[in-house]
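Okay, work_34.json now, which holds JSON, C-alpha atoms and all ligand atoms:
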[["chain", "number", "residue", "atom", "x", "y", "z"],
["A", 1, "MET", "CA", 6.20, -17.72, -88.88],
["A", 2, "ALA", "CA", 9.12, -19.85, -89.98],
["A", 3, "SER", "CA", 12.69, -18.64, -89.98],
["A", 4, "PHE", "CA", 16.23, -19.78, -90.65],
["A", 5, "GLU", "CA", 19.12, -17.96, -89.06],
["A", 6, "SER", "CA", 22.83, -18.68, -89.14],
["A", 7, "GLY", "CA", 24.74, -17.45, -86.09],
["A", 8, "ALA", "CA", 26.36, -18.70, -82.90],
["A", 9, "HIS", "CA", 25.19, -21.11, -80.21],
["A", 10, "PRO", "CA", 25.55, -19.79, -76.60],
["A", 11, "SER", "CA", 28.76, -21.87, -76.40],
["A", 12, "GLY", "CA", 30.20, -19.69, -79.18],
["A", 13, "LEU", "CA", 30.20, -22.51, -81.75],
["A", 14, "PRO", "CA", 28.72, -21.70, -85.18],
["A", 15, "ALA", "CA", 25.12, -22.85, -85.40],
["A", 16, "VAL", "CA", 21.87, -22.59, -87.29],
["A", 17, "ALA", "CA", 18.60, -21.68, -85.57],
["A", 18, "LEU", "CA", 15.26, -22.78, -87.04],
["A", 19, "ARG", "CA", 11.79, -21.61, -86.06],
["A", 20, "ALA", "CA", 8.38, -22.79, -87.25],
["A", 21, "GLY", "CA", 4.72, -22.68, -86.22],
["A", 22, "GLU", "CA", 2.25, -19.80, -86.48],
["A", 23, "GLY", "CA", 3.89, -17.84, -83.70],
["A", 24, "GLY", "CA", 7.34, -19.32, -84.24],
["A", 25, "GLN", "CA", 6.70, -21.44, -81.15],
["A", 26, "HIS", "CA", 8.71, -24.46, -82.35],
["A", 27, "SER", "CA", 12.49, -24.26, -82.60],
["A", 28, "ALA", "CA", 15.63, -26.24, -83.34],
["A", 29, "CYS", "CA", 19.35, -25.55, -83.21],
["A", 30, "VAL", "CA", 22.05, -27.35, -85.19],
["A", 31, "LEU", "CA", 25.79, -26.97, -84.57],
["A", 32, "LEU", "CA", 28.14, -27.03, -87.54],
["A", 33, "HIS", "CA", 30.48, -28.99, -85.26],
["A", 34, "GLY", "CA", 29.40, -32.58, -85.87],
["A", 35, "GLY", "CA", 26.27, -31.59, -87.84],
["A", 36, "HIS", "CA", 24.82, -31.94, -84.37],
["A", 37, "VAL", "CA", 21.22, -31.03, -83.48],
["A", 38, "VAL", "CA", 21.45, -29.70, -79.90],
["A", 39, "SER", "CA", 17.92, -28.42, -79.34],
["A", 40, "TRP", "CA", 14.40, -29.25, -80.50],
["A", 41, "ALA", "CA", 11.57, -27.57, -78.66],
["A", 42, "VAL", "CA", 7.86, -27.98, -79.42],
["A", 43, "ASP", "CA", 5.62, -25.20, -78.10],
["A", 44, "GLY", "CA", 8.65, -24.04, -76.15],
["A", 45, "VAL", "CA", 9.16, -27.43, -74.43],
["A", 46, "GLU", "CA", 12.61, -28.96, -75.00],
["A", 47, "GLN", "CA", 12.34, -32.57, -76.17],
["A", 48, "LEU", "CA", 16.03, -33.47, -76.47],
["A", 49, "PHE", "CA", 18.42, -34.12, -73.62],
["A", 50, "VAL", "CA", 21.66, -32.16, -73.66],
["A", 51, "SER", "CA", 23.86, -32.43, -70.59],
["A", 52, "ALA", "CA", 24.56, -29.19, -68.73],
["A", 53, "LYS", "CA", 28.04, -30.70, -68.36],
["A", 54, "ALA", "CA", 28.42, -31.18, -72.12],
["A", 55, "MET", "CA", 31.72, -29.90, -73.48],
["A", 56, "TYR", "CA", 31.59, -27.63, -76.50],
["A", 57, "ALA", "CA", 35.22, -28.27, -77.33],
["A", 58, "PRO", "CA", 35.81, -29.69, -80.81],
["A", 59, "PRO", "CA", 36.80, -32.33, -81.72],
["A", 60, "LYS", "CA", 34.96, -33.71, -78.68],
["A", 61, "ALA", "CA", 31.35, -34.60, -79.43],
["A", 62, "VAL", "CA", 28.64, -32.86, -77.44],
["A", 63, "ARG", "CA", 26.92, -35.13, -74.87],
["A", 64, "GLY", "CA", 23.28, -35.07, -75.90],
["A", 65, "GLY", "CA", 21.13, -33.90, -78.80],
["A", 66, "ILE", "CA", 21.52, -35.93, -81.99],
["A", 67, "PRO", "CA", 25.13, -36.94, -82.67],
["A", 68, "VAL", "CA", 25.66, -38.34, -86.17],
["A", 69, "CYS", "CA", 27.48, -41.67, -85.81],
["A", 70, "TRP", "CA", 29.05, -42.27, -89.22],
["A", 71, "PRO", "CA", 30.70, -44.15, -90.95],
["A", 72, "GLN", "CA", 30.56, -46.47, -87.99],
["A", 73, "PHE", "CA", 28.23, -47.19, -85.10],
["A", 74, "SER", "CA", 30.10, -48.04, -81.87],
["A", 75, "ASP", "CA", 33.13, -50.21, -82.76],
["A", 76, "LEU", "CA", 31.28, -51.99, -85.58],
["A", 77, "GLY", "CA", 33.52, -51.00, -88.46],
["A", 78, "PRO", "CA", 37.10, -50.18, -89.38],
["A", 79, "CYS", "CA", 37.50, -46.78, -87.62],
["A", 80, "ALA", "CA", 39.58, -46.54, -84.46],
["A", 81, "THR", "CA", 37.21, -43.97, -82.94],
["A", 82, "GLN", "CA", 33.95, -45.08, -81.30],
["A", 83, "HIS", "CA", 30.91, -44.05, -83.41],
["A", 84, "GLY", "CA", 33.11, -42.96, -86.38],
["A", 85, "PHE", "CA", 34.31, -39.42, -87.00],
["A", 86, "ALA", "CA", 31.35, -37.39, -88.33],
["A", 87, "ARG", "CA", 30.33, -36.17, -84.84],
["A", 88, "ASN", "CA", 33.87, -34.89, -84.18],
["A", 89, "LEU", "CA", 34.41, -32.79, -87.30],
["A", 90, "GLY", "CA", 33.35, -29.36, -88.54],
["A", 91, "TRP", "CA", 30.62, -29.53, -91.20],
["A", 92, "THR", "CA", 29.81, -26.71, -93.61],
["A", 93, "LEU", "CA", 26.46, -25.01, -94.06],
["A", 94, "ALA", "CA", 25.26, -25.86, -97.58],
["A", 95, "GLY", "CA", 21.91, -24.05, -97.46],
["A", 96, "GLY", "CA", 18.81, -23.25, -95.51],
["A", 97, "GLY", "CA", 15.54, -21.40, -95.70],
["A", 98, "VAL", "CA", 11.82, -21.56, -95.35],
["A", 99, "GLU", "CA", 9.38, -23.71, -97.34],
["A", 100, "GLU", "CA", 5.94, -22.69, -98.54],
["A", 101, "GLU", "CA", 4.29, -25.06, -96.06],
["A", 102, "GLY", "CA", 5.82, -23.10, -93.19],
["A", 103, "ALA", "CA", 8.77, -25.42, -92.49],
["A", 104, "ALA", "CA", 12.29, -24.16, -91.84],
["A", 105, "TRP", "CA", 15.30, -26.20, -92.96],
["A", 106, "ALA", "CA", 19.07, -26.29, -93.00],
["A", 107, "GLU", "CA", 21.44, -28.52, -94.92],
["A", 108, "LEU", "CA", 24.92, -29.33, -93.61],
["A", 109, "ARG", "CA", 27.66, -31.10, -95.47],
["A", 110, "LEU", "CA", 30.78, -33.11, -94.69],
["A", 111, "VAL", "CA", 33.18, -34.39, -97.35],
["A", 112, "ASP", "CA", 36.35, -36.44, -97.15],
["A", 113, "SER", "CA", 39.59, -34.73, -96.20],
["A", 114, "PRO", "CA", 43.14, -35.91, -95.48],
["A", 115, "GLU", "CA", 41.98, -36.35, -91.86],
["A", 116, "THR", "CA", 39.01, -38.60, -92.73],
["A", 117, "ARG", "CA", 41.03, -40.53, -95.32],
["A", 118, "ALA", "CA", 43.64, -41.33, -92.64],
["A", 119, "ALA", "CA", 40.83, -42.88, -90.56],
["A", 120, "TRP", "CA", 38.86, -44.40, -93.45],
["A", 121, "PRO", "CA", 40.32, -44.39, -96.98],
["A", 122, "HIS", "CA", 37.25, -43.32, -98.96],
["A", 123, "ALA", "CA", 35.88, -40.37, -100.86],
["A", 124, "PHE", "CA", 32.39, -39.44, -99.66],
["A", 125, "ALA", "CA", 29.86, -36.62, -99.52],
["A", 126, "LEU", "CA", 27.58, -36.68, -96.48],
["A", 127, "THR", "CA", 24.66, -34.28, -96.10],
["A", 128, "LEU", "CA", 22.29, -33.80, -93.20],
["A", 129, "ARG", "CA", 19.07, -31.95, -93.96],
["A", 130, "VAL", "CA", 17.22, -30.88, -90.83],
["A", 131, "THR", "CA", 13.62, -29.74, -91.31],
["A", 132, "LEU", "CA", 11.39, -28.27, -88.61],
["A", 133, "SER", "CA", 7.73, -28.45, -89.72],
["A", 134, "ALA", "CA", 4.92, -26.04, -88.94],
["A", 135, "ASP", "CA", 3.47, -28.71, -86.60],
["A", 136, "GLY", "CA", 6.77, -29.00, -84.70],
["A", 137, "ALA", "CA", 8.01, -32.31, -86.17],
["A", 138, "LEU", "CA", 11.77, -32.57, -86.63],
["A", 139, "ARG", "CA", 13.04, -34.48, -89.64],
["A", 140, "CYS", "CA", 16.71, -35.41, -90.04],
["A", 141, "ALA", "CA", 17.65, -36.84, -93.42],
["A", 142, "LEU", "CA", 21.19, -38.21, -93.68],
["A", 143, "ARG", "CA", 22.39, -38.81, -97.22],
["A", 144, "ALA", "CA", 25.68, -40.42, -98.21],
["A", 145, "LEU", "CA", 27.07, -40.34, -101.74],
["A", 146, "ASN", "CA", 30.02, -42.38, -102.99],
["A", 147, "PRO", "CA", 31.83, -40.14, -105.50],
["A", 148, "GLY", "CA", 34.91, -42.41, -105.53],
["A", 149, "ASP", "CA", 35.88, -45.32, -107.73],
["A", 150, "ALA", "CA", 35.75, -48.10, -105.12],
["A", 151, "SER", "CA", 32.79, -49.39, -103.11],
["A", 152, "LEU", "CA", 32.37, -48.17, -99.54],
["A", 153, "THR", "CA", 30.66, -49.80, -96.58],
["A", 154, "PHE", "CA", 29.36, -48.14, -93.43],
["A", 155, "THR", "CA", 27.19, -48.55, -90.37],
["A", 156, "CYS", "CA", 25.57, -45.52, -88.74],
["A", 157, "ALA", "CA", 23.12, -44.08, -86.23],
["A", 158, "LEU", "CA", 21.31, -40.85, -85.50],
["A", 159, "HIS", "CA", 22.09, -41.13, -81.80],
["A", 160, "THR", "CA", 19.04, -39.28, -80.48],
["A", 161, "TYR", "CA", 19.10, -38.34, -76.78],
["A", 162, "LEU", "CA", 15.50, -37.78, -75.61],
["A", 163, "ARG", "CA", 14.68, -35.98, -72.37],
["A", 164, "VAL", "CA", 12.66, -38.12, -69.95],
["A", 165, "ASP", "CA", 11.08, -37.13, -66.62],
["A", 166, "ASP", "CA", 13.30, -39.32, -64.39],
["A", 167, "VAL", "CA", 14.16, -42.95, -65.19],
["A", 168, "ARG", "CA", 14.45, -43.71, -61.45],
["A", 169, "ALA", "CA", 10.63, -43.61, -61.26],
["A", 170, "GLY", "CA", 10.59, -46.80, -63.39],
["A", 171, "ASN", "CA", 7.87, -45.54, -65.73],
["A", 172, "ALA", "CA", 9.77, -44.38, -68.81],
["A", 173, "SER", "CA", 9.24, -46.85, -71.62],
["A", 174, "VAL", "CA", 9.42, -47.54, -75.36],
["A", 175, "ARG", "CA", 6.60, -49.16, -77.32],
["A", 176, "GLY", "CA", 7.07, -50.94, -80.64],
["A", 177, "LEU", "CA", 9.84, -53.39, -79.77],
["A", 178, "ALA", "CA", 7.75, -56.42, -78.71],
["A", 179, "GLY", "CA", 9.11, -59.58, -80.31],
["A", 180, "ALA", "CA", 12.16, -57.87, -81.79],
["A", 181, "ALA", "CA", 15.57, -59.55, -81.71],
["A", 182, "TYR", "CA", 18.36, -57.57, -80.11],
["A", 183, "LEU", "CA", 22.08, -57.71, -79.43],
["A", 184, "ASP", "CA", 22.76, -57.02, -75.78],
["A", 185, "ASN", "CA", 25.71, -54.63, -75.50],
["A", 186, "LEU", "CA", 25.83, -55.39, -71.76],
["A", 187, "GLY", "CA", 26.34, -59.10, -72.39],
["A", 188, "GLY", "CA", 28.90, -59.58, -75.16],
["A", 189, "ARG", "CA", 26.34, -58.67, -77.84],
["A", 190, "GLU", "CA", 24.54, -61.95, -77.26],
["A", 191, "ARG", "CA", 21.45, -62.22, -79.46],
["A", 192, "LYS", "CA", 18.23, -62.18, -77.43],
["A", 193, "ALA", "CA", 14.54, -61.53, -78.07],
["A", 194, "GLN", "CA", 12.23, -58.97, -76.54],
["A", 195, "PRO", "CA", 9.14, -60.74, -75.08],
["A", 196, "GLY", "CA", 6.58, -61.05, -77.86],
["A", 197, "ASP", "CA", 3.60, -59.66, -75.99],
["A", 198, "ARG", "CA", 2.42, -56.09, -76.46],
["A", 199, "GLN", "CA", 4.25, -54.87, -73.39],
["A", 200, "ALA", "CA", 6.54, -51.87, -73.66],
["A", 201, "LEU", "CA", 10.23, -51.95, -72.75],
["A", 202, "THR", "CA", 10.33, -50.19, -69.36],
["A", 203, "PHE", "CA", 13.59, -48.78, -68.02],
["A", 204, "VAL", "CA", 14.53, -50.02, -64.56],
["A", 205, "ALA", "CA", 18.31, -50.48, -64.94],
["A", 206, "GLU", "CA", 21.17, -49.78, -67.34],
["A", 207, "THR", "CA", 20.00, -50.72, -70.82],
["A", 208, "ASP", "CA", 22.18, -50.86, -73.95],
["A", 209, "ARG", "CA", 20.72, -52.88, -76.81],
["A", 210, "ILE", "CA", 20.85, -52.96, -80.59],
["A", 211, "TYR", "CA", 17.33, -53.92, -81.71],
["A", 212, "LEU", "CA", 17.30, -55.43, -85.19],
["A", 213, "SER", "CA", 14.80, -54.70, -87.97],
["A", 214, "VAL", "CA", 12.31, -52.83, -85.81],
["A", 215, "PRO", "CA", 8.97, -51.32, -86.92],
["A", 216, "ASP", "CA", 9.32, -47.91, -88.56],
["A", 217, "ALA", "CA", 7.58, -46.18, -85.64],
["A", 218, "LEU", "CA", 8.66, -46.42, -81.99],
["A", 219, "HIS", "CA", 7.03, -44.46, -79.18],
["A", 220, "LEU", "CA", 8.85, -43.18, -76.11],
["A", 221, "HIS", "CA", 6.79, -42.48, -72.99],
["A", 222, "CYS", "CA", 8.79, -40.02, -70.88],
["A", 223, "GLY", "CA", 7.19, -40.77, -67.49],
["A", 224, "GLY", "CA", 4.57, -39.22, -65.23],
["A", 225, "SER", "CA", 4.24, -36.02, -67.25],
["A", 226, "GLY", "CA", 2.57, -37.98, -70.06],
["A", 227, "ARG", "CA", 4.92, -36.40, -72.55],
["A", 228, "GLY", "CA", 6.06, -38.65, -75.36],
["A", 229, "VAL", "CA", 7.99, -38.69, -78.61],
["A", 230, "ALA", "CA", 7.34, -40.82, -81.70],
["A", 231, "VAL", "CA", 10.45, -41.84, -83.63],
["A", 232, "ARG", "CA", 9.68, -42.70, -87.25],
["A", 233, "THR", "CA", 12.33, -43.90, -89.65],
["A", 234, "ARG", "CA", 13.05, -44.78, -93.24],
["A", 235, "GLY", "CA", 16.22, -46.54, -94.40],
["A", 236, "LEU", "CA", 17.40, -47.01, -90.81],
["A", 237, "PRO", "CA", 16.06, -50.48, -89.92],
["A", 238, "ASP", "CA", 17.67, -50.98, -86.51],
["A", 239, "ALA", "CA", 17.23, -49.09, -83.23],
["A", 240, "VAL", "CA", 19.76, -48.73, -80.43],
["A", 241, "VAL", "CA", 18.18, -48.13, -77.04],
["A", 242, "TRP", "CA", 20.50, -46.83, -74.33],
["A", 243, "THR", "CA", 20.18, -45.37, -70.87],
["A", 244, "PRO", "CA", 23.31, -45.50, -68.72],
["A", 245, "TRP", "CA", 21.87, -45.60, -65.17],
["A", 246, "GLU", "CA", 23.82, -44.49, -62.13],
["A", 247, "ALA", "CA", 27.24, -46.18, -62.20],
["A", 248, "LYS", "CA", 27.93, -45.53, -65.86],
["A", 249, "GLY", "CA", 26.31, -42.09, -65.79],
["A", 250, "LEU", "CA", 28.40, -40.90, -62.86],
["A", 251, "SER", "CA", 31.56, -42.24, -64.52],
["A", 252, "MET", "CA", 31.04, -39.91, -67.50],
["A", 253, "ALA", "CA", 32.48, -36.45, -66.80],
["A", 254, "ASP", "CA", 30.15, -34.77, -69.31],
["A", 255, "LEU", "CA", 27.02, -36.40, -67.84],
["A", 256, "GLY", "CA", 27.40, -37.12, -64.11],
["A", 257, "ASP", "CA", 24.28, -36.70, -61.96],
["A", 258, "GLU", "CA", 22.11, -35.87, -64.98],
["A", 259, "TRP", "CA", 21.95, -39.56, -65.97],
["A", 260, "PRO", "CA", 18.28, -39.99, -64.85],
["A", 261, "PHE", "CA", 17.00, -37.63, -67.52],
["A", 262, "LEU", "CA", 17.96, -39.31, -70.78],
["A", 263, "VAL", "CA", 16.92, -42.24, -72.89],
["A", 264, "CYS", "CA", 18.52, -42.66, -76.31],
["A", 265, "VAL", "CA", 16.42, -44.14, -79.11],
["A", 266, "GLU", "CA", 18.84, -44.24, -82.01],
["A", 267, "ALA", "CA", 17.74, -44.80, -85.59],
["A", 268, "ALA", "CA", 20.47, -47.02, -86.98],
["A", 269, "ALA", "CA", 21.77, -49.25, -89.74],
["A", 270, "VAL", "CA", 23.97, -51.74, -87.93],
["A", 271, "GLU", "CA", 23.20, -55.39, -88.62],
["A", 272, "ARG", "CA", 23.37, -55.05, -92.38],
["A", 273, "PRO", "CA", 26.01, -52.43, -93.23],
["A", 274, "VAL", "CA", 25.19, -50.11, -96.14],
["A", 275, "VAL", "CA", 27.29, -50.80, -99.25],
["A", 276, "LEU", "CA", 27.58, -48.08, -101.89],
["A", 277, "GLN", "CA", 29.08, -48.76, -105.28],
["A", 278, "PRO", "CA", 30.82, -45.85, -107.09],
["A", 279, "GLY", "CA", 28.25, -43.16, -107.88],
["A", 280, "GLU", "CA", 25.57, -44.61, -105.60],
["A", 281, "ALA", "CA", 23.76, -42.71, -102.84],
["A", 282, "TRP", "CA", 21.87, -43.78, -99.71],
["A", 283, "GLU", "CA", 19.44, -41.94, -97.50],
["A", 284, "GLY", "CA", 18.28, -42.61, -93.93],
["A", 285, "VAL", "CA", 15.55, -40.48, -92.37],
["A", 286, "GLN", "CA", 14.38, -40.01, -88.79],
["A", 287, "THR", "CA", 11.28, -37.95, -87.98],
["A", 288, "LEU", "CA", 10.54, -37.01, -84.37],
["A", 289, "THR", "CA", 7.07, -35.94, -83.28],
["A", 290, "ALA", "CA", 6.01, -34.84, -79.81],
["A", 291, "GLU", "CA", 2.90, -36.68, -78.62],
["A", 292, "ARG", "CA", 0.86, -37.22, -75.45],
["A", 293, "THR", "CA", 1.20, -40.77, -74.14],
["A", 294, "ALA", "CA", -1.08, -40.53, -71.10],
["A", 301, "LIG", "C1", 25.37, -45.94, -77.35],
["A", 301, "LIG", "C2", 26.09, -47.23, -77.11],
["A", 301, "LIG", "O1", 24.90, -45.91, -78.65],
["A", 301, "LIG", "O2", 26.27, -44.85, -77.15],
["A", 301, "LIG", "C3", 26.65, -47.22, -75.70],
["A", 301, "LIG", "O3", 25.21, -48.31, -77.33],
["A", 301, "LIG", "C4", 27.52, -46.01, -75.49],
["A", 301, "LIG", "O4", 27.37, -48.41, -75.47],
["A", 301, "LIG", "C5", 26.74, -44.76, -75.84],
["A", 301, "LIG", "O5", 27.97, -45.97, -74.16],
["A", 301, "LIG", "C6", 27.53, -43.46, -75.69],
["A", 301, "LIG", "O6", 28.68, -43.49, -76.46],
["A", 301, "LIG", "P1", 29.73, -42.29, -76.39],
["A", 301, "LIG", "O7", 30.87, -42.67, -77.29],
["A", 301, "LIG", "O8", 29.02, -41.06, -76.92],
["A", 301, "LIG", "O9", 30.12, -42.14, -74.96]]
Please re-express this file's structure in structure tokens.
Ligand code: BG6
Amino acid sequence: MASFESGAHPSGLPAVALRAGEGGQHSACVLLHGGHVVSWAVDGVEQLFVSAKAMYAPPKAVRGGIPVCWPQFSDLGPCATQHGFARNLGWTLAGGGVEEEGAAWAELRLVDSPETRAAWPHAFALTLRVTLSADGALRCALRALNPGDASLTFTCALHTYLRVDDVRAGNASVRGLAGAAYLDNLGGRERKAQPGDRQALTFVAETDRIYLSVPDALHLHCGGSGRGVAVRTRGLPDAVVWTPWEAKGLSMADLGDEWPFLVCVEAAAVERPVVLQPGEAWEGVQTLTAERTA
């Protein structure tokens, strides 16, 4: 029983609600503000972290869910605003519906405007297609088209906040990064290497790293509950892994004492910026699947 419904999020912001699965037991919610996925539940269990202190006050980005960082990740590009502007702007709903296979989908769109051209002088058409499958998987496909007459260059990330049991227990981890090179955001972006054994990256302190050219499947283990999420990607070769820990978490007004319950695994294109010649298009895809890890 799949469905697509356009309406309002409890915050009052315009949103799209998707349902899929035989009994409609899987769901997702996407805000038009930011093209921002703010809920993904499998069998009724929420998999994303969204702060209860999040502010639903455009142009501020919502703390949690899946912010779209575009045309810049962090400060790695020409925009003055951290993570670019896509997460701060109102997108339009371009379409939505139900597929024969029982998936529900919505497509959101952002195009250049005087506001974006003041921050970044390019014509662009950005679409985000969010698909919730009958098995509960959530696919986010970000597509950028260059309709202008000059080349454009961007970095980006689908900044996915995943809900973990409690990082203070020291047993939340990510598998798939062994041997990968990373830039350590906590140490001047010095280039380092993850130990090359099969060991997972376990969170025991603030972690903020840009892993470069990672495998196309990473697996988050959320902690003692044995809940996990697989993050599969195409066209997004890098992965940012971030959890703020106590000092940074408490310093963020829209996060505060909820810091133990999030780990971000962000599908990204950072090291090698994407270059689009006039008329060219690019697509990056992230598919999230809930899985048991214990
Ligand atoms: C992560 C960065 O991607 O985003 C962190 O690596 C940053 O350094 C975090 O703190 C949150 O960013 P923001 O702008 O949403 O507070």
Could you give me the residues within 7 Å of ligand LIG 301 (chain A), counting only C-alpha atoms and all ligand atoms, as a ChimeraX atom specification? /A:63,74,82-83,159,185,208-209,240,242
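Using all atoms listed in the file, the shortest contact distance between Leu218 in chain A and any of A:Val30, A:Met55, A:Leu177, A:Ala294 is found at A:Leu177.
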Counting all atoms listed in the file, figure out which residue out of A:Gln199, A:Ser225, A:Ser133, A:Thr243 gets nearest to Leu162 in chain A. A:Thr243
Skipping near chain neighbours, those fewer than 2 positions away, what residues fall within 7 Å of Gln286 in chain A using all atoms listed in the file, listed as number ranges by chain? A: 139-141, 231-234, 267, 284, 288
Using all atoms listed in the file, pick whichever of A:Leu212, A:Ala125, A:Leu48, A:Leu183 has the shortest atom-to-atom distance to Val229 in chain A. A:Leu48
Spatial sel., origin (22.8, -34.2, -85.3), limit 8 Å, all atoms listed in the file, listed as a PyMOL selection string: chain A and resi 30-31+34-38+65-68+87+128+140+158-160
Across A:Asp75, A:Glu22, A:Glu280, A:Asp184, the smallest distance to Ser151 in chain A, with all atoms listed in the file counted, is shown by A:Glu280
Given the choices A:Phe124, A:Leu132, A:Gln72, A:His9, which gets closest to Gly279 in chain A if the distance is worked out from all atoms listed in the file? A:Phe124
Which distance in Å separates CA of Ala157 in chain A and CA of Thr131 in chain A, to one decimal? 17.9 Å
Could you please fill out range 44-67 of chain A with N, CA and C atoms and send it back as a tab-separated table (two decimals), in the coordinates of the input?
chain	number	residue	atom	x	y	z
A	44	GLY	N	7.75	-24.54	-77.18
A	44	GLY	CA	8.65	-24.04	-76.15
A	44	GLY	C	9.16	-25.11	-75.19
A	45	VAL	N	8.73	-26.37	-75.35
A	45	VAL	CA	9.16	-27.43	-74.43
A	45	VAL	C	10.28	-28.24	-75.08
A	46	GLU	N	11.46	-28.23	-74.46
A	46	GLU	CA	12.61	-28.96	-75.00
A	46	GLU	C	12.33	-30.46	-74.96
A	47	GLN	N	12.59	-31.13	-76.07
A	47	GLN	CA	12.34	-32.57	-76.17
A	47	GLN	C	13.63	-33.38	-76.13
A	48	LEU	N	14.75	-32.75	-76.45
A	48	LEU	CA	16.03	-33.47	-76.47
A	48	LEU	C	16.73	-33.29	-75.13
A	49	PHE	N	17.56	-34.26	-74.79
A	49	PHE	CA	18.42	-34.12	-73.62
A	49	PHE	C	19.79	-33.64	-74.08
A	50	VAL	N	20.26	-32.56	-73.48
A	50	VAL	CA	21.66	-32.16	-73.66
A	50	VAL	C	22.20	-31.92	-72.25
A	51	SER	N	23.30	-32.55	-71.94
A	51	SER	CA	23.86	-32.43	-70.59
A	51	SER	C	24.32	-31.00	-70.32
A	52	ALA	N	24.03	-30.50	-69.12
A	52	ALA	CA	24.56	-29.19	-68.73
A	52	ALA	C	26.07	-29.27	-68.59
A	53	LYS	N	26.59	-30.51	-68.46
A	53	LYS	CA	28.04	-30.70	-68.36
A	53	LYS	C	28.67	-31.00	-69.71
A	54	ALA	N	27.88	-30.92	-70.78
A	54	ALA	CA	28.42	-31.18	-72.12
A	54	ALA	C	29.58	-30.24	-72.39
A	55	MET	N	30.57	-30.74	-73.14
A	55	MET	CA	31.72	-29.90	-73.48
A	55	MET	C	31.60	-29.47	-74.93
A	56	TYR	N	31.68	-28.17	-75.14
A	56	TYR	CA	31.59	-27.63	-76.50
A	56	TYR	C	33.02	-27.33	-76.95
A	57	ALA	N	33.79	-28.39	-77.08
A	57	ALA	CA	35.22	-28.27	-77.33
A	57	ALA	C	35.64	-29.23	-78.44
A	58	PRO	N	35.42	-28.82	-79.70
A	58	PRO	CA	35.81	-29.69	-80.81
A	58	PRO	C	37.27	-30.12	-80.65
A	59	PRO	N	37.63	-31.34	-81.00
A	59	PRO	CA	36.80	-32.33	-81.72
A	59	PRO	C	35.91	-33.19	-80.81
A	60	LYS	N	35.84	-32.90	-79.53
A	60	LYS	CA	34.96	-33.71	-78.68
A	60	LYS	C	33.51	-33.56	-79.12
A	61	ALA	N	32.77	-34.67	-79.08
A	61	ALA	CA	31.35	-34.60	-79.43
A	61	ALA	C	30.55	-34.10	-78.22
A	62	VAL	N	29.51	-33.38	-78.50
A	62	VAL	CA	28.64	-32.86	-77.44
A	62	VAL	C	27.82	-34.01	-76.86
A	63	ARG	N	27.70	-34.07	-75.53
A	63	ARG	CA	26.92	-35.13	-74.87
A	63	ARG	C	25.44	-34.75	-74.87
A	64	GLY	N	24.71	-35.32	-75.82
A	64	GLY	CA	23.28	-35.07	-75.90
A	64	GLY	C	22.89	-34.68	-77.31
A	65	GLY	N	21.60	-34.29	-77.47
A	65	GLY	CA	21.13	-33.90	-78.80
A	65	GLY	C	21.11	-35.09	-79.75
A	66	ILE	N	21.53	-34.84	-80.99
A	66	ILE	CA	21.52	-35.93	-81.99
A	66	ILE	C	22.90	-36.02	-82.65
A	67	PRO	N	23.86	-36.70	-81.99
A	67	PRO	CA	25.13	-36.94	-82.67
A	67	PRO	C	24.93	-37.82	-83.91
